[in-house]
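Colleague: Please see the structure below; I have some questions.
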Number of protein chains: 2
Amino acid sequence: MIAEGFRLEVVARDGDARTGRLTTPHGVVETPAFMPVATYGAVRGISAEDLRTIGAQICLANTYHLHERPGEGVIAGLGGLHGFTDWRGPWLTDSGGYQVTSLADRMQLEEAGVTFASPLDGKRRMLTPEGVIAIQEALGSDIAMVLDECLAPHPPAGEPSADSPAVRAAMERTLRWAERSRAARKRPDQAVFGIVQGGVSHDLRRHSAGETAAIGFDGYAHGGLGLGESRAQRSEAVVVAHAELPGEAPRYLMGLGRPVDLVDGVACGVDLFDCVVPTRNGRHGLLFTSQGIISIKNARHRDDGEPVDPECDCPACTHHSRAYLRHLIKCGESLGSRLAALHNLRFYLRLLERTREAILNGTFAALRSEVEAIGEKRLA
Amino acid sequence: MIAEGFRLEVVARDGDARTGRLTTPHGVVETPAFMPVATYGAVRGISAEDLRTIGAQICLANTYHLHERPGEGVIAGLGGLHGFTDWRGPWLTDSGGYQVTSLADRMQLEEAGVTFASPLDGKRRMLTPEGVIAIQEALGSDIAMVLDECLAPHPPAGEPSADSPAVRAAMERTLRWAERSRAARKRPDQAVFGIVQGGVSHDLRRHSAGETAAIGFDGYAHGGLGLGESRAQRSEAVVVAHAELPGEAPRYLMGLGRPVDLVDGVACGVDLFDCVVPTRNGRHGLLFTSQGIISIKNARHRDDGEPVDPECDCPACTHHSRAYLRHLIKCGESLGSRLAALHNLRFYLRLLERTREAILNGTFAALRSEVEAIGEKRLA
């Protein structure tokens, strides 16, 4: 089943990297794309107008958080996420699986679903595969995610427990939940993505991908990564899964990550990314630049009248100095967090713009090398 | 002494209310004017671009806070407040007197100045009349304020202590400090305002105003009000002072207040206002509307798709519903505080726009009655 008005057109390839246009009911997304995280329907301090200014094309909201507050009924009554918020472009909603299963001792996993004590009011709530689809249909996102079972961080590379019974069981439950999710969907205009699990085991990832593809979704995500595995392990897990997934379907690497993680994913043929790193690092004063990462709180920036990154066209870099940004963040002024988050998001969005250009021009390998060389360099 | 490039041209009067154009080195301010408070050189979460959008013409920064962080030297080195921040229009800086003398048990008042333990690092610092002028000259504001001695809230109306030795002594010290401030100023392009003190005593206010005017400043402020006195007491204190002040100099009612306090001040001939009420109330979800004040956290707004105020042209009202704003503020999303503050600031700026129009049209009394009738009405 392919949702109405949902289609990925691959325009160019460079190795396994690919660039294209993902058509959704609320607009076209150029891929590979990065999705800013708007947990409660807003990115920390940043308006939809700001997001448009820095070139965002699609945003991600958290199903679980919106289910708690204000509730999907409120949002549905006001026209879904597109009417409730001022972001009229495409929305992807996650399934809440990651949030809920990370509650650890406060949740109980059963075949029916996940029961947990709400961190908000302590009351017991249950998320089921069918319920999570229904919530997302009420939210009206362009792309919904199935409920999956996430496990705790992986054991160190190479240990036999990479293919442990727990990892296998979570992968298999995720498959059974995927079937129920597939059966539960009712909206013809909403894409639903299946989620591949299986830790870092090639066999499990391969099996999970093949079976998820057999159930049939509009797109596929890699879940349970970014939890301690090495870059190589992660890329292998992605690559073996891609071999089992239909090439015309979009692929989404969930929750990752650093710039180098994004180019790693692109190199494996991933189309969609999301991560809280740019906004969270921004709040802490860690800013991505074309030369590496700077800690704006550092005293060396106290009198610095230069922008954070002279190559950046974001509102922070075009209007403000490092000294001003440092001052605001040191004083806890919320404009500081906002400008820092805007800058980092623009860095990510620009990185994806450059990635798309590089794939078109057949120069992605050079861009990837550049990101590997400076992406994580700490300047000061 | 009149600072270069600084001039108030009164364009029209309606009773004692007056409207005009205050020319400063960084632009013209239409009076009466409201100044958003940018404590550390930024209004909570709001950019200079945002401030321009909602029609702000002049901003206020806190000398004491900027002296602590980042220090006036940093700001001077980057071109003063106009270069350090993105607000290129007129700046007024307060003197820090109110902040420091409100430290109560942590400060020591002597003839030389105020010594206090910094809330930031516990170290002892001293603010003197001369020092405060020097700091503001380094900050490069268009309007500087003299250091004054503020007293605690007034005793209830009518008690003899309204003319108590403490109130008289603080007023007299403020006069001596005003002379020293006048002698200390060096920048020909920065206006300096004297501050009238004297509690709610007519005699003391009259004396303070006359003596401050005799020293000679570019403008005059009413200090030590908004501390518990009645509306009538405050208006009387302002009126008796105005009789002693030169009519061509701008008059500034410091730190006030509610909409009704603004129209009260305008009725007495005040030209400038500042207050944290719009931004602070916004953070707490109290929003000013043309019908009264609403508490956006109230459950009745949960599903409300209407804007906060259909008559308002602010970014919150033109792009968002009450339901969305309520949701953001309930969730502690910083976009909520930002939008609420923007809305309330726009309400204040619009109120002053309407005030200026009303004075031009000779209809200020009607506007004042309207504000008195609905200004403080709590809707829900």
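Identifiers for the structure tokens are assigned positionally: chains receive A, B, ... in sequence, residues are indexed from 1 per chain, and ligands are indexed from 1 in the order shown.
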Any idea which chain B residues end up within 6 Å of chain A if we count only C-alpha atoms, as a ChimeraX atom specification please?
Modeller: /B:44-45,74,303,334-335
Colleague: For A:Ala56, work out the shell of residues within 7 Å, counting only C-alpha atoms and skipping chain neighbours fewer than 4 positions away, then give it as a ChimeraX atom specification.
Modeller: /A:51-52,349
Colleague: Once you have the residues from the selection above, write them out as a PDB file, in the first residue's frame, restricted to C-alpha atoms.
Modeller:
```
ATOM      1  CA  LEU A  51      12.389  27.454  10.211  1.00  0.00           C
ATOM      2  CA  ARG A  52      11.339  28.585   6.760  1.00  0.00           C
ATOM      3  CA  LEU A 349      20.319  22.045   6.691  1.00  0.00           C
TER       4      LEU A 349
END
```
Colleague: Report, in Å with one decimal, the straight-line distance from atom CA of B:Val28 to atom CA of B:Pro188.
Modeller: 18.0 Å
Colleague: Calculated over only C-alpha atoms, which of the candidates A:Met145, A:Ala237, A:Ala178, A:Ala232 has the smallest distance to A:Leu204?
Modeller: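 Closest to A:Leu204, using only C-alpha atoms: A:Ala237.
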Colleague: Write down as a CSV table (one decimal) with C-alpha atoms, in the first residue's frame the residues belonging to stretch 206-314 of chain A that are assigned alpha helix (DSSP H) by DSSP computed on the backbone.
Modeller:
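Writing the result to part06.csv gives the following:
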```csv
chain,number,residue,atom,x,y,z
A,206,ARG,CA,18.6,-8.5,7.0
A,207,HIS,CA,15.7,-10.7,8.3
A,208,SER,CA,13.9,-7.7,9.9
A,209,ALA,CA,14.3,-5.6,6.7
A,210,GLY,CA,13.1,-8.4,4.4
A,211,GLU,CA,10.0,-9.2,6.6
A,212,THR,CA,9.1,-5.6,7.1
A,213,ALA,CA,9.3,-5.0,3.3
A,214,ALA,CA,7.1,-8.1,2.8
A,215,ILE,CA,4.4,-6.5,5.0
A,231,ARG,CA,30.4,3.9,12.9
A,232,ALA,CA,31.3,0.8,10.9
A,233,GLN,CA,28.8,-1.4,12.7
A,234,ARG,CA,26.1,1.1,12.1
A,235,SER,CA,26.9,1.5,8.4
A,236,GLU,CA,26.9,-2.3,7.9
A,237,ALA,CA,23.6,-2.6,9.7
A,238,VAL,CA,22.1,0.0,7.3
A,239,VAL,CA,23.7,-1.5,4.2
A,240,VAL,CA,22.5,-5.1,4.8
A,241,ALA,CA,19.0,-3.8,5.4
A,242,HIS,CA,19.0,-1.7,2.3
A,259,PRO,CA,27.5,15.6,10.9
A,260,VAL,CA,29.7,12.6,10.3
A,261,ASP,CA,26.8,10.3,11.1
A,262,LEU,CA,24.7,12.0,8.5
A,263,VAL,CA,27.3,11.7,5.7
A,264,ASP,CA,27.8,8.0,6.7
A,265,GLY,CA,24.1,7.5,6.4
A,266,VAL,CA,23.9,9.3,3.0
A,267,ALA,CA,26.8,7.2,1.8
A,277,VAL,CA,22.0,17.3,18.5
A,278,PRO,CA,21.9,20.8,16.8
A,279,THR,CA,19.3,22.2,19.1
A,280,ARG,CA,20.6,20.6,22.3
A,281,ASN,CA,24.2,21.5,21.5
A,282,GLY,CA,23.1,25.0,20.7
A,283,ARG,CA,21.5,25.4,24.1
```
Colleague: For B:Arg187, please output as a list in words all residues within 9 Å (counting only C-alpha atoms; exclusion window: fewer than 2 positions along the same chain).
Modeller: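 My reading of the contact set: Ala3, Glu137, Gly140, Arg185, Asp189, Gln190 and Ala191 of chain B.
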Colleague: Atoms to include: N, CA and C atoms. Write the selected residues as a PDB file, in the first residue's frame.
Modeller:
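Saved to result.pdb:
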```pdb
ATOM      1  N   ALA B   3      22.372  67.766  25.261  1.00  0.00           N
ATOM      2  CA  ALA B   3      23.231  66.907  24.448  1.00  0.00           C
ATOM      3  C   ALA B   3      23.000  67.189  22.967  1.00  0.00           C
ATOM      4  N   GLU B 137      28.457  56.007  29.592  1.00  0.00           N
ATOM      5  CA  GLU B 137      29.157  56.609  28.443  1.00  0.00           C
ATOM      6  C   GLU B 137      29.864  55.522  27.645  1.00  0.00           C
ATOM      7  N   GLY B 140      27.364  53.721  25.646  1.00  0.00           N
ATOM      8  CA  GLY B 140      26.992  54.506  24.472  1.00  0.00           C
ATOM      9  C   GLY B 140      25.503  54.645  24.242  1.00  0.00           C
ATOM     10  N   ARG B 185      29.740  64.151  33.532  1.00  0.00           N
ATOM     11  CA  ARG B 185      29.462  63.748  32.147  1.00  0.00           C
ATOM     12  C   ARG B 185      30.450  64.358  31.170  1.00  0.00           C
ATOM     13  N   ASP B 189      27.341  63.718  23.086  1.00  0.00           N
ATOM     14  CA  ASP B 189      26.282  63.143  22.252  1.00  0.00           C
ATOM     15  C   ASP B 189      25.352  62.224  23.035  1.00  0.00           C
ATOM     16  N   GLN B 190      25.426  62.277  24.353  1.00  0.00           N
ATOM     17  CA  GLN B 190      24.563  61.423  25.173  1.00  0.00           C
ATOM     18  C   GLN B 190      23.729  62.303  26.096  1.00  0.00           C
ATOM     19  N   ALA B 191      22.417  62.113  26.031  1.00  0.00           N
ATOM     20  CA  ALA B 191      21.547  62.847  26.950  1.00  0.00           C
ATOM     21  C   ALA B 191      21.645  62.218  28.335  1.00  0.00           C
TER      22      ALA B 191
END
```
Colleague: So how many Å separate atom CA of B:Leu272 and atom CA of B:Met171, to one decimal?
Modeller: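 Going from atom CA of B:Leu272 over to atom CA of B:Met171 covers 21.6 Å.
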Colleague: For atom CA of B:Pro250 and atom CA of B:Asp271, quote the distance in Å rounded to one decimal.
Modeller: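 Taking atom CA of B:Pro250 as the start and atom CA of B:Asp271 as the end point, the length is 6.0 Å.
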Colleague: Assign secondary structure with DSSP using the backbone only, and return the residues of stretch 158-292 of chain B in strand (DSSP E) as a list of chain:residue names.
Modeller: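 Residues meeting the strand (DSSP E) criterion: B:Ala191, B:Val192, B:Phe193, B:Gly194, B:Ile195, B:Val196, B:Gly219, B:Tyr220, B:Ala221, B:His222, B:Arg251, B:Tyr252, B:Leu253, B:Leu272, B:Phe273, B:Asp274, B:Leu286, B:Leu287, B:Phe288, B:Thr289, B:Gly292.
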Colleague: Which one is closest to A:Ile359: A:Ile2, A:Leu120, A:Ala17, A:Ala61? Count only C-alpha atoms.
Modeller: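 Of all the options, A:Ala17 lies closest to A:Ile359.
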Colleague: So that I can see what lies close to A:Arg350, please list as a tab-separated table (two decimals) with N, CA and C atoms, in the first residue's frame the residues with an atom at most 10 Å from it, counting only C-alpha atoms and leaving out residues fewer than 6 positions away in the same chain.
Modeller:
```
chain	number	residue	atom	x	y	z
A	34	PHE	N	17.24	16.73	6.38
A	34	PHE	CA	17.31	16.70	7.84
A	34	PHE	C	16.04	17.32	8.40
A	54	ILE	N	15.53	29.45	7.52
A	54	ILE	CA	16.79	28.70	7.44
A	54	ILE	C	16.67	27.50	6.51
A	55	GLY	N	15.56	27.36	5.82
A	55	GLY	CA	15.49	26.35	4.77
A	55	GLY	C	15.01	24.97	5.18
A	56	ALA	N	14.33	24.86	6.34
A	56	ALA	CA	13.77	23.56	6.71
A	56	ALA	C	12.66	23.19	5.72
A	312	CYS	N	28.38	31.30	7.15
A	312	CYS	CA	26.99	30.92	7.45
A	312	CYS	C	26.04	32.09	7.18
A	313	ASP	N	24.88	31.78	6.65
A	313	ASP	CA	23.88	32.81	6.33
A	313	ASP	C	22.70	32.80	7.30
A	314	CYS	N	22.89	32.23	8.49
A	314	CYS	CA	21.77	32.16	9.45
A	314	CYS	C	21.57	33.51	10.14
A	344	ASN	N	22.85	26.24	14.52
A	344	ASN	CA	23.18	24.82	14.34
A	344	ASN	C	22.23	24.14	13.36
A	356	ARG	N	23.29	17.25	-1.23
A	356	ARG	CA	22.47	17.03	-2.43
A	356	ARG	C	23.18	17.53	-3.69
```
Colleague: Set the distance at 9 Å and use only C-alpha atoms: which residues neighbour stretch 225-227 of chain B once local chain neighbours fewer than 3 positions away are removed? I'd like the list as a PDB file with C-alpha atoms, in the first residue's frame.
Modeller:
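Output file selection-v1.pdb follows:
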```
ATOM      1  CA  ALA B 152      11.430  50.808  49.980  1.00  0.00           C
ATOM      2  CA  PRO B 153       7.688  50.868  49.197  1.00  0.00           C
ATOM      3  CA  HIS B 154       5.769  53.806  50.611  1.00  0.00           C
ATOM      4  CA  GLN B 197      12.488  61.707  44.254  1.00  0.00           C
ATOM      5  CA  GLY B 199       8.017  59.708  47.889  1.00  0.00           C
ATOM      6  CA  VAL B 200       4.396  60.877  47.680  1.00  0.00           C
ATOM      7  CA  HIS B 222      10.018  60.389  38.190  1.00  0.00           C
ATOM      8  CA  SER B 230      -2.441  54.959  45.023  1.00  0.00           C
ATOM      9  CA  ARG B 231      -3.052  56.070  41.445  1.00  0.00           C
ATOM     10  CA  ARG B 234       1.181  58.980  41.979  1.00  0.00           C
ATOM     11  CA  ALA B 237       3.429  63.470  42.670  1.00  0.00           C
ATOM     12  CA  LEU B 253       7.895  57.785  34.494  1.00  0.00           C
ATOM     13  CA  MET B 254      10.252  54.976  35.515  1.00  0.00           C
ATOM     14  CA  GLY B 255       9.190  51.360  35.804  1.00  0.00           C
ATOM     15  CA  LEU B 256       5.443  51.775  35.342  1.00  0.00           C
ATOM     16  CA  GLY B 257       3.371  49.788  34.639  1.00  0.00           C
ATOM     17  CA  ASP B 261      -0.695  53.561  34.788  1.00  0.00           C
TER      18      ASP B 261
END
```
